[in-house]
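Structure file run_36.cif; described as mmCIF, C-alpha atoms.
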```
data_input
#
loop_
_atom_site.label_atom_id
_atom_site.label_comp_id
_atom_site.auth_asym_id
_atom_site.auth_seq_id
_atom_site.Cartn_x
_atom_site.Cartn_y
_atom_site.Cartn_z
CA MET A 1 -0.67 -58.61 22.72
CA ILE A 2 2.16 -57.02 20.72
CA ARG A 3 -0.22 -56.01 17.93
CA ARG A 4 -2.66 -54.53 20.48
CA TYR A 5 -0.07 -52.08 21.78
CA SER A 6 1.95 -51.47 18.62
CA LEU A 7 -0.13 -48.44 17.53
CA ALA A 8 0.12 -46.87 20.97
CA VAL A 9 3.89 -47.34 21.00
CA VAL A 10 4.22 -45.71 17.56
CA ILE A 11 2.13 -42.70 18.64
CA PHE A 12 4.15 -42.36 21.87
CA VAL A 13 7.49 -42.47 20.04
CA ALA A 14 6.28 -39.98 17.41
CA THR A 15 5.08 -37.63 20.15
CA LEU A 16 8.46 -37.74 21.87
CA PHE A 17 10.17 -37.05 18.54
CA PHE A 18 8.12 -33.94 17.76
CA VAL A 19 8.45 -32.61 21.32
CA ALA A 20 12.25 -33.00 21.08
CA LEU A 21 12.18 -31.31 17.66
CA GLY A 22 10.22 -28.39 19.08
CA VAL A 23 12.62 -27.96 22.00
CA ALA A 24 15.65 -28.08 19.71
CA PHE A 25 14.42 -25.73 16.99
CA GLY A 26 11.56 -23.75 18.53
CA GLY A 27 13.75 -20.72 19.18
CA ARG A 28 14.59 -20.49 15.48
CA LEU A 29 11.01 -20.43 14.26
CA LYS A 30 9.53 -17.11 13.13
CA VAL A 31 6.00 -16.15 14.06
CA ALA A 32 3.80 -16.08 10.96
CA PHE A 33 0.18 -15.72 12.01
CA MET A 34 -2.35 -13.01 12.63
CA SER A 35 -4.39 -12.69 15.79
CA SER A 36 -6.40 -10.16 17.71
CA GLY A 37 -6.63 -9.43 21.39
CA ASP A 38 -4.00 -9.71 24.08
CA VAL A 39 -2.13 -12.82 23.04
CA PRO A 40 1.06 -13.22 25.12
CA GLY A 41 4.20 -12.34 23.20
CA SER A 42 7.94 -12.22 23.80
CA THR A 43 8.87 -10.23 26.90
CA GLY A 44 12.26 -11.62 27.96
CA PRO A 45 15.58 -9.81 27.46
CA ALA A 46 16.97 -9.96 23.92
CA THR A 47 20.44 -11.45 23.73
CA THR A 48 21.19 -10.07 20.24
CA ALA A 49 20.23 -7.06 18.15
CA VAL A 50 18.34 -9.24 15.68
CA THR A 51 16.39 -10.87 18.52
CA ALA A 52 15.36 -7.45 19.85
CA VAL A 53 13.89 -6.43 16.49
CA GLN A 54 12.38 -9.90 16.09
CA HIS A 55 10.62 -9.74 19.47
CA LEU A 56 9.41 -6.19 18.83
CA PHE A 57 7.64 -7.14 15.61
CA GLU A 58 6.39 -10.47 16.99
CA ASN A 59 4.48 -8.41 19.55
CA VAL A 60 3.27 -5.96 16.91
CA GLN A 61 2.03 -8.96 14.94
CA ARG A 62 0.19 -10.24 18.02
CA ARG A 63 -1.24 -6.72 18.57
CA ASN A 64 0.59 -6.60 21.91
CA VAL A 65 1.77 -2.99 21.68
CA ASP A 66 2.81 -2.67 25.34
CA SER A 67 5.16 -5.67 25.03
CA ALA A 68 6.51 -4.39 21.71
CA TYR A 69 7.22 -1.01 23.33
CA SER A 70 9.25 -2.72 26.07
CA TYR A 71 11.93 -3.32 23.39
CA VAL A 72 12.19 0.41 22.58
CA ALA A 73 15.37 1.90 24.06
CA ASN A 74 14.68 5.63 23.60
CA ASN A 75 11.49 5.94 25.67
CA GLN A 76 12.40 9.53 26.43
CA ASP A 77 12.05 10.42 22.73
CA VAL A 78 9.15 8.16 21.71
CA SER A 79 6.08 7.85 23.92
CA LEU A 80 3.96 4.71 24.07
CA ASP A 81 1.12 6.64 22.44
CA ALA A 82 3.30 7.82 19.54
CA PHE A 83 4.72 4.30 19.06
CA SER A 84 1.22 2.80 19.10
CA ARG A 85 -0.05 5.25 16.50
CA GLU A 86 2.84 4.37 14.19
CA VAL A 87 2.62 0.57 14.38
CA SER A 88 -1.16 0.25 14.85
CA GLY A 89 -2.35 3.21 12.81
CA SER A 90 -4.37 6.32 13.58
CA ASP A 91 -6.79 8.79 11.99
CA GLY A 92 -8.50 5.92 10.14
CA ASN A 93 -5.40 5.40 7.96
CA LEU A 94 -4.49 2.26 6.04
CA LYS A 95 -2.37 0.81 8.85
CA SER A 96 -5.28 1.08 11.30
CA LEU A 97 -7.12 -1.36 9.00
CA ALA A 98 -4.10 -3.64 8.52
CA ALA A 99 -2.39 -6.56 10.25
CA LEU A 100 1.29 -7.53 10.17
CA ASN A 101 1.12 -10.76 8.22
CA ASP A 102 4.80 -11.62 7.87
CA PHE A 103 8.27 -10.18 8.43
CA GLN A 104 11.95 -10.97 7.90
CA VAL A 105 14.77 -9.62 10.07
CA ARG A 106 18.51 -9.59 9.33
CA ALA A 107 21.58 -7.82 10.68
CA LEU A 108 23.27 -5.28 8.40
CA SER A 109 26.21 -4.40 10.63
CA THR A 110 27.41 -4.77 14.23
CA SER A 111 29.99 -2.68 16.09
CA GLY A 112 30.40 -3.27 19.82
CA ASP A 113 27.20 -2.34 21.63
CA GLU A 114 25.47 -1.00 18.52
CA ALA A 115 24.02 -2.70 15.44
CA LYS A 116 21.96 -1.91 12.37
CA VAL A 117 19.11 -4.29 11.58
CA ARG A 118 16.76 -4.39 8.60
CA ALA A 119 13.14 -5.49 8.98
CA ASP A 120 11.14 -6.30 5.84
CA LEU A 121 7.45 -6.16 6.73
CA GLN A 122 4.37 -7.42 4.90
CA TRP A 123 1.05 -5.97 6.03
CA SER A 124 -2.32 -7.41 5.03
CA THR A 125 -4.81 -4.68 4.13
CA ALA A 126 -8.21 -4.34 2.52
CA VAL A 127 -6.49 -3.25 -0.71
CA GLY A 128 -3.94 -6.08 -0.81
CA ALA A 129 -0.47 -6.65 0.60
CA PHE A 130 1.52 -3.60 1.69
CA PHE A 131 5.32 -3.91 1.93
CA GLU A 132 7.55 -1.82 4.16
CA SER A 133 11.29 -1.93 4.86
CA ARG A 134 12.84 -0.40 7.99
CA ASP A 135 16.52 -0.01 8.89
CA LEU A 136 16.66 0.19 12.67
CA LYS A 137 19.46 0.92 15.12
CA ALA A 138 19.75 -1.47 18.07
CA VAL A 139 21.79 -0.84 21.23
CA LYS A 140 22.92 -3.08 24.05
CA THR A 141 21.59 -2.03 27.46
CA GLN A 142 21.71 -3.52 30.96
CA ALA A 143 18.29 -5.05 30.21
CA GLY A 144 19.49 -6.65 26.95
CA TRP A 145 19.42 -5.41 23.36
CA LYS A 146 16.77 -2.85 22.48
CA VAL A 147 15.72 -0.80 19.47
CA GLU A 148 16.13 2.94 19.05
CA TRP A 149 12.81 3.71 17.40
CA PRO A 150 12.91 6.74 15.06
CA ALA A 151 11.10 9.70 16.61
CA GLN A 152 8.55 11.15 14.20
CA PRO A 153 7.80 14.86 14.64
CA GLU A 154 4.09 15.51 15.03
CA ALA A 155 2.59 18.31 12.99
CA LYS A 156 0.68 20.80 15.09
CA LEU A 157 -1.43 23.27 13.15
CA ALA A 158 -2.44 26.61 14.55
CA PRO A 159 -6.21 27.19 14.68
CA GLN A 160 -7.32 28.70 11.40
CA VAL A 161 -10.24 29.08 9.02
CA VAL A 162 -9.86 27.36 5.66
CA PRO A 163 -12.15 28.87 2.99
CA VAL A 164 -14.16 26.49 0.81
CA THR A 165 -13.74 27.49 -2.84
CA TYR A 166 -14.16 24.20 -4.72
CA ALA A 167 -16.85 23.54 -7.31
CA ARG A 168 -19.74 21.21 -6.49
CA TRP A 169 -22.37 19.33 -8.51
CA ASP A 170 -25.53 17.97 -6.85
CA LEU A 171 -28.06 15.51 -8.26
CA VAL A 172 -31.75 16.21 -7.73
CA GLY A 173 -34.77 14.18 -8.65
CA SER A 174 -32.91 10.84 -8.72
CA GLU A 175 -34.45 7.89 -6.92
CA GLY A 176 -32.99 4.46 -6.27
CA GLY A 177 -29.67 5.46 -7.81
CA SER A 178 -31.23 5.94 -11.27
CA THR A 179 -30.94 9.43 -12.73
CA GLY A 180 -32.37 8.92 -16.20
CA LEU A 181 -29.61 11.20 -17.48
CA PRO A 182 -27.42 10.21 -20.43
CA ALA A 183 -23.97 8.86 -19.69
CA PRO A 184 -21.26 11.55 -19.74
CA HIS A 185 -19.06 11.56 -22.80
CA VAL A 186 -15.74 9.98 -21.82
CA LYS A 187 -13.05 9.41 -24.43
CA VAL A 188 -9.95 7.19 -24.59
CA ILE A 189 -7.13 9.45 -25.77
CA SER A 190 -4.24 7.01 -25.33
CA GLN A 191 -3.94 3.23 -25.30
CA GLY A 192 -0.96 0.87 -25.13
CA VAL A 193 0.36 -2.39 -23.73
CA SER A 194 3.29 -3.48 -21.61
CA GLN A 195 4.71 -6.61 -20.03
CA ASP A 196 5.85 -6.98 -16.41
CA ALA A 197 7.29 -10.46 -15.73
CA ASP A 198 4.41 -12.82 -16.51
CA THR A 199 1.72 -10.10 -16.39
CA PHE A 200 0.33 -8.56 -19.58
CA ILE A 201 -0.77 -4.96 -19.04
CA VAL A 202 -3.24 -2.76 -20.91
CA LEU A 203 -2.88 0.93 -20.09
CA GLY A 204 -3.89 4.32 -21.35
CA GLU A 205 -5.60 7.61 -20.57
CA LEU A 206 -9.21 8.88 -20.47
CA VAL A 207 -10.72 12.35 -20.47
CA ASN A 208 -14.19 13.46 -19.36
CA GLU A 209 -15.27 15.71 -22.25
CA ASP A 210 -18.67 16.43 -20.71
CA SER A 211 -19.86 19.33 -18.56
CA VAL A 212 -20.93 17.08 -15.66
CA PRO A 213 -18.88 14.85 -13.32
CA ALA A 214 -18.65 11.16 -14.19
CA PHE A 215 -17.89 7.90 -12.44
CA VAL A 216 -15.77 5.93 -14.90
CA SER A 217 -14.39 2.42 -15.19
CA VAL A 218 -12.64 0.47 -17.93
CA ASN A 219 -13.04 -3.21 -18.78
CA ALA A 220 -10.75 -5.04 -21.18
CA THR A 221 -11.10 -8.31 -23.06
CA ILE A 222 -8.03 -9.88 -24.64
CA GLU A 223 -8.23 -12.41 -27.43
CA GLY A 224 -5.73 -14.91 -28.79
CA SER A 225 -5.55 -16.65 -32.13
CA GLU A 226 -8.86 -17.40 -33.86
CA GLY A 227 -10.68 -14.98 -31.55
CA LYS A 228 -10.30 -17.15 -28.44
CA ILE A 229 -10.95 -15.10 -25.28
CA LEU A 230 -7.89 -15.23 -23.02
CA GLY A 231 -9.22 -13.08 -20.20
CA GLN A 232 -11.48 -10.28 -19.01
CA GLU A 233 -10.34 -7.82 -16.35
CA ASN A 234 -11.09 -4.26 -15.19
CA SER A 235 -9.10 -1.27 -14.02
CA PHE A 236 -10.22 -1.73 -10.37
CA ASP A 237 -8.25 0.86 -8.36
CA ASN A 238 -5.63 1.70 -11.02
CA ILE A 239 -7.72 4.64 -12.19
CA VAL A 240 -9.28 7.85 -10.85
CA HIS A 241 -12.92 6.81 -10.88
CA LYS A 242 -14.41 10.27 -10.20
CA LEU A 243 -13.69 12.63 -13.09
CA LEU A 244 -14.80 16.22 -13.00
CA PRO A 245 -15.44 17.99 -16.32
CA ASN A 246 -12.28 18.10 -18.51
CA GLU A 247 -10.30 15.98 -16.04
CA HIS A 248 -7.98 13.22 -17.23
CA THR A 249 -7.07 9.90 -15.65
CA ALA A 250 -4.63 7.16 -16.51
CA PHE A 251 -5.79 3.54 -16.23
CA ARG A 252 -4.10 0.18 -16.00
CA ILE A 253 -5.53 -3.34 -16.36
CA ASP A 254 -3.45 -6.41 -15.43
CA PHE A 255 -3.75 -9.89 -16.91
CA PRO A 256 -1.66 -12.29 -14.77
CA ALA A 257 0.00 -15.36 -16.30
CA THR A 258 -0.32 -13.93 -19.83
CA SER A 259 2.45 -13.12 -22.30
CA ARG A 260 2.36 -10.39 -24.93
CA GLU A 261 2.87 -12.92 -27.73
CA GLN A 262 -0.40 -14.67 -26.85
CA VAL A 263 -2.56 -11.56 -27.34
CA LYS A 264 -3.83 -10.82 -30.86
CA ASN A 265 -6.64 -8.37 -30.11
CA ILE A 266 -7.82 -6.09 -27.27
CA ARG A 267 -11.35 -4.80 -26.74
CA LEU A 268 -11.93 -1.91 -24.34
CA ASP A 269 -15.29 -1.09 -22.78
CA VAL A 270 -15.46 2.31 -21.06
CA SER A 271 -18.49 2.89 -18.84
CA SER A 272 -19.54 6.18 -17.26
CA LYS A 273 -22.46 7.54 -15.29
CA VAL A 274 -23.42 10.92 -13.86
CA ILE A 275 -22.64 11.38 -10.18
CA ALA A 276 -22.90 14.10 -7.59
CA ALA A 277 -19.40 15.36 -6.90
CA SER A 278 -17.33 18.16 -5.50
CA GLY A 279 -13.77 19.30 -5.98
CA ASP A 280 -12.80 18.59 -2.38
CA PRO A 281 -10.45 17.77 -0.88
CA VAL A 282 -7.96 19.67 -3.00
CA VAL A 283 -4.70 17.70 -2.91
CA ALA A 284 -1.66 19.27 -4.55
CA VAL A 285 1.42 17.37 -5.75
CA SER A 286 4.73 19.13 -5.12
CA ASN A 287 8.30 18.49 -6.17
CA PRO A 288 7.76 15.32 -8.22
CA ARG A 289 11.10 13.99 -9.51
CA ILE A 290 12.70 10.78 -10.74
CA GLU A 291 15.68 9.72 -8.64
CA ASN A 292 18.19 6.89 -8.46
CA ALA A 293 17.95 4.77 -5.32
CA GLY A 294 20.76 2.26 -5.60
CA GLU A 295 19.90 0.11 -8.59
CA LYS A 296 16.27 1.29 -8.61
CA ARG A 297 14.60 4.28 -10.25
CA LEU A 298 11.92 5.98 -8.17
CA LEU A 299 9.36 8.71 -8.70
CA ARG A 300 9.31 10.71 -5.50
CA GLY A 301 7.41 13.74 -4.32
CA GLU A 302 5.04 15.10 -1.70
CA ILE A 303 1.28 15.53 -1.60
CA LEU A 304 -0.38 18.34 0.33
CA ASN A 305 -3.97 18.49 1.51
CA GLN A 306 -4.95 22.13 0.97
CA THR A 307 -8.34 21.86 2.70
CA GLY A 308 -9.43 21.32 6.30
CA LEU A 309 -10.60 17.74 5.70
CA THR A 310 -8.60 14.66 6.67
CA VAL A 311 -7.98 12.14 3.88
CA ASN A 312 -7.87 8.83 5.75
CA ILE A 313 -6.37 6.74 2.93
CA PRO A 314 -4.57 8.57 0.10
CA GLN A 315 -3.63 6.70 -3.08
CA VAL A 316 -1.06 8.10 -5.52
CA LEU A 317 -1.57 7.21 -9.20
CA ALA A 318 1.20 8.11 -11.66
CA SER A 319 1.33 7.82 -15.44
CA PHE A 320 4.51 7.98 -17.50
CA SER A 321 4.64 9.04 -21.16
CA ASP A 322 7.25 8.80 -23.92
CA ALA A 323 8.44 11.57 -26.26
CA SER A 324 5.25 11.30 -28.35
CA GLY A 325 3.04 11.83 -25.29
CA LYS A 326 1.76 8.25 -25.26
CA VAL A 327 1.27 6.63 -21.85
CA ILE A 328 3.76 3.77 -21.51
CA TRP A 329 3.46 2.94 -17.80
CA VAL A 330 1.00 3.40 -14.95
CA SER A 331 1.80 2.75 -11.30
CA SER A 332 0.02 3.38 -8.03
CA THR A 333 0.57 3.08 -4.30
CA TYR A 334 -1.48 3.51 -1.16
CA LEU A 335 0.13 5.52 1.64
CA ASP A 336 -0.20 4.04 5.12
CA GLN A 337 -0.52 7.45 6.79
CA ALA A 338 -3.56 9.71 6.76
CA LEU A 339 -3.18 12.95 4.82
CA LEU A 340 -3.87 15.58 7.44
CA PRO A 341 -4.85 19.17 6.54
CA GLN A 342 -1.97 21.42 5.48
CA THR A 343 0.60 18.68 6.21
CA PRO A 344 2.84 17.36 3.39
CA LEU A 345 3.21 13.59 3.02
CA PRO A 346 6.03 12.00 0.95
CA PHE A 347 5.48 9.22 -1.59
CA SER A 348 7.64 7.04 -3.83
CA LEU A 349 6.88 4.75 -6.77
CA LYS A 350 9.25 2.30 -8.43
CA ILE A 351 9.77 2.57 -12.20
CA PRO A 352 11.01 -0.44 -14.20
CA ASP A 353 14.44 0.16 -15.74
CA GLU A 354 13.28 -0.30 -19.35
CA ILE A 355 10.39 2.12 -18.81
CA ALA A 356 12.59 4.72 -17.09
CA LYS A 357 14.79 4.95 -20.20
CA GLN A 358 11.78 5.97 -22.34
CA VAL A 359 10.04 8.37 -19.93
CA ARG A 360 9.91 12.01 -20.95
CA THR A 361 6.95 13.30 -18.94
CA TYR A 362 4.80 12.08 -16.07
CA LYS A 363 1.58 13.03 -14.30
CA VAL A 364 0.57 12.38 -10.70
CA ALA A 365 -3.02 12.19 -9.42
CA VAL A 366 -4.37 11.39 -5.96
CA ASN A 367 -7.40 9.32 -5.01
CA SER A 368 -8.79 10.53 -1.69
CA TYR A 369 -10.69 8.06 0.48
CA ARG A 370 -12.41 9.48 3.57
CA VAL A 371 -14.34 7.71 6.32
CA ASP A 372 -16.75 10.62 6.77
CA GLN A 373 -18.01 11.73 3.37
CA SER A 374 -20.67 14.09 4.73
#
```

How does the structure come out when it is put into structure tokens?
Amino acid sequence: MIRRYSLAVVIFVATLFFVALGVAFGGRLKVAFMSSGDVPGSTGPATTAVTAVQHLFENVQRRNVDSAYSYVANNQDVSLDAFSREVSGSDGNLKSLAALNDFQVRALSTSGDEAKVRADLQWSTAVGAFFESRDLKAVKTQAGWKVEWPAQPEAKLAPQVVPVTYARWDLVGSEGGSTGLPAPHVKVISQGVSQDADTFIVLGELVNEDSVPAFVSVNATIEGSEGKILGQENSFDNIVHKLLPNEHTAFRIDFPATSREQVKNIRLDVSSKVIAASGDPVVAVSNPRIENAGEKRLLRGEILNQTGLTVNIPQVLASFSDASGKVIWVSSTYLDQALLPQTPLPFSLKIPDEIAKQVRTYKVAVNSYRVDQS
């Protein structure tokens, strides 16, 4: 009889244990999942500044924007629509295709009924993880602690006609994607290596020396002692793939879990093909500069869309060269806001300390991804 019920007793006791554990520590657990739809989130009053920020982003993570907005103190400055566009994305930008995967919240300072709280956010996107850090002010109200969300001014352009002056190349007579035309002449004009933690990096610069536009990509094979192949990788998105005649692009190829000492030989394979292309949208880079940000060195600047077309997802690609003109570092970042016509958008890229000491010149290019390519 005792053996018959022993398993049931063990299960019952274990259940009681885990229920008690959940009651005792459930309030300390941080949400770390993605979902879609109207999943109920936190709606009760926040008893601390950290809890207010925590509940706000829990609801953003659950895609419950209305509940997240209930923790915004300055409703008179930030409308629900403006808040929704900022946390859920708009204009087909990167954040509109992203989900808040994880976040960490901690208090920076507290003084009476005001506090400063930092939220470190990790978004999951189609191009990989996107990290964002926000320092938010929280205030104590009669309804509990709430967050003063920064009001973002909205750019309003006057109606205008933007002339189209860019060059354009069309392909005719091509069927099934095959043109029968020779590959454009693309040349590697700089090549080097670097090491970032446990990642071995091959980088350099290409130029399209032909009179037609080219779609380019770079593959690299690294070999160890006795010709043993250690890895094969490609430039993926760390390159400007569409090169107009005489245009340059930097490229970068990463080999994770590989040290510089292991590599004895590098083989590069540059491929190119003729494509139809145009010089739109014209995106200008203004005021690029290297600045100190605490212990970090950053390349900062603004990009400006000079045409009337919206760039849904802009990507900034920067190359850094030493005194001899050789590329010694390549870095890129996607911006989570759409690049609207005639509206500047700031960017920043981190530069490793050792690289920053050697940098003499740098170039910035922009990849423009649009939903409507017609």

Excluding same-chain residues fewer than 2 positions from Tyr334 in chain A, what lies within 8 Å of it counting all atoms listed in the file, as JSON, numbers by chain? {"A": [94, 313, 314, 315, 316, 332, 336]}

Step by step, work through what the PyMOL selection byres ((chain A and resi 243) around 12) selects in the shown file, and finish by giving those residues as an NGL selection string. :A and (169 or 184-187 or 206-217 or 239-242 or 244-250 or 272-279 or 365-367)

Between CA of Ala356 in chain A and CA of Phe320 in chain A lies a distance of 8.7 Å

Can you translate the PyMOL selection byres ((chain A and resi 125-127) around 8) into the concrete residues it hits in this file, as a ChimeraX atom specification? /A:94-95,97-99,123-124,128-130

Give the answer as one residue: which of A:Leu230, A:Ala338, A:Val364, A:Val282 has the shortest atom-to-atom distance to Gln262 in chain A, using all atoms listed in the file?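 Of the candidates, the smallest distance to Gln262 in chain A is held by A:Leu230.
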
By how many Å are CA of Pro288 in chain A and CA of Ala167 in chain A apart?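 It comes out at 26.0 Å.
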
Which residue gives the smallest distance to Leu203 in chain A among A:Gln152, A:Asn234, A:Gln342, A:Lys116, with only C-alpha atoms counted?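 Among A:Gln152, A:Asn234, A:Gln342, A:Lys116, it is A:Asn234 that comes nearest to Leu203 in chain A.
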
Do a neighbour search on His55 in chain A at 10 Å with only C-alpha atoms, toss out local chain neighbours closer than 4 positions, and write the hits as a list in words.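 Here the qualifying residues turn out to be Lys30, Val31, Gly41, Ser42, Thr43, Gly44, Pro45, Ala46, Val50, Thr51, Asn59, Val60, Gln61, Ser67, Ala68, Ser70, Tyr71 and Lys146 of chain A.
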
Please evaluate the PyMOL selection byres ((chain A and resi 328) around 12) against the structure above and give the resulting residues as an MDAnalysis selection string. chainID A and resid 190:195 201:205 250:252 318:327 329:331 351:352 354:363

Please indicate the distance in Å from CA of Ala107 in chain A to CA of Ala119 in chain A, rounded to one decimal place. 8.9 Å

From (6.8, 6.2, -6.5), in the file's coordinates, out to 6 Å: which residues are reached, counting all atoms listed in the file? Answer as a PyMOL selection string. chain A and resi 298-300+347-350

Go ahead and save the picked residues with C-alpha atoms, as a PDB file, in the coordinates of the input.
```
ATOM      1  CA  LEU A 298      11.920   5.980  -8.170  1.00  0.00           C
ATOM      2  CA  LEU A 299       9.360   8.710  -8.700  1.00  0.00           C
ATOM      3  CA  ARG A 300       9.310  10.710  -5.500  1.00  0.00           C
ATOM      4  CA  PHE A 347       5.480   9.220  -1.590  1.00  0.00           C
ATOM      5  CA  SER A 348       7.640   7.040  -3.830  1.00  0.00           C
ATOM      6  CA  LEU A 349       6.880   4.750  -6.770  1.00  0.00           C
ATOM      7  CA  LYS A 350       9.250   2.300  -8.430  1.00  0.00           C
TER       8      LYS A 350
END
```
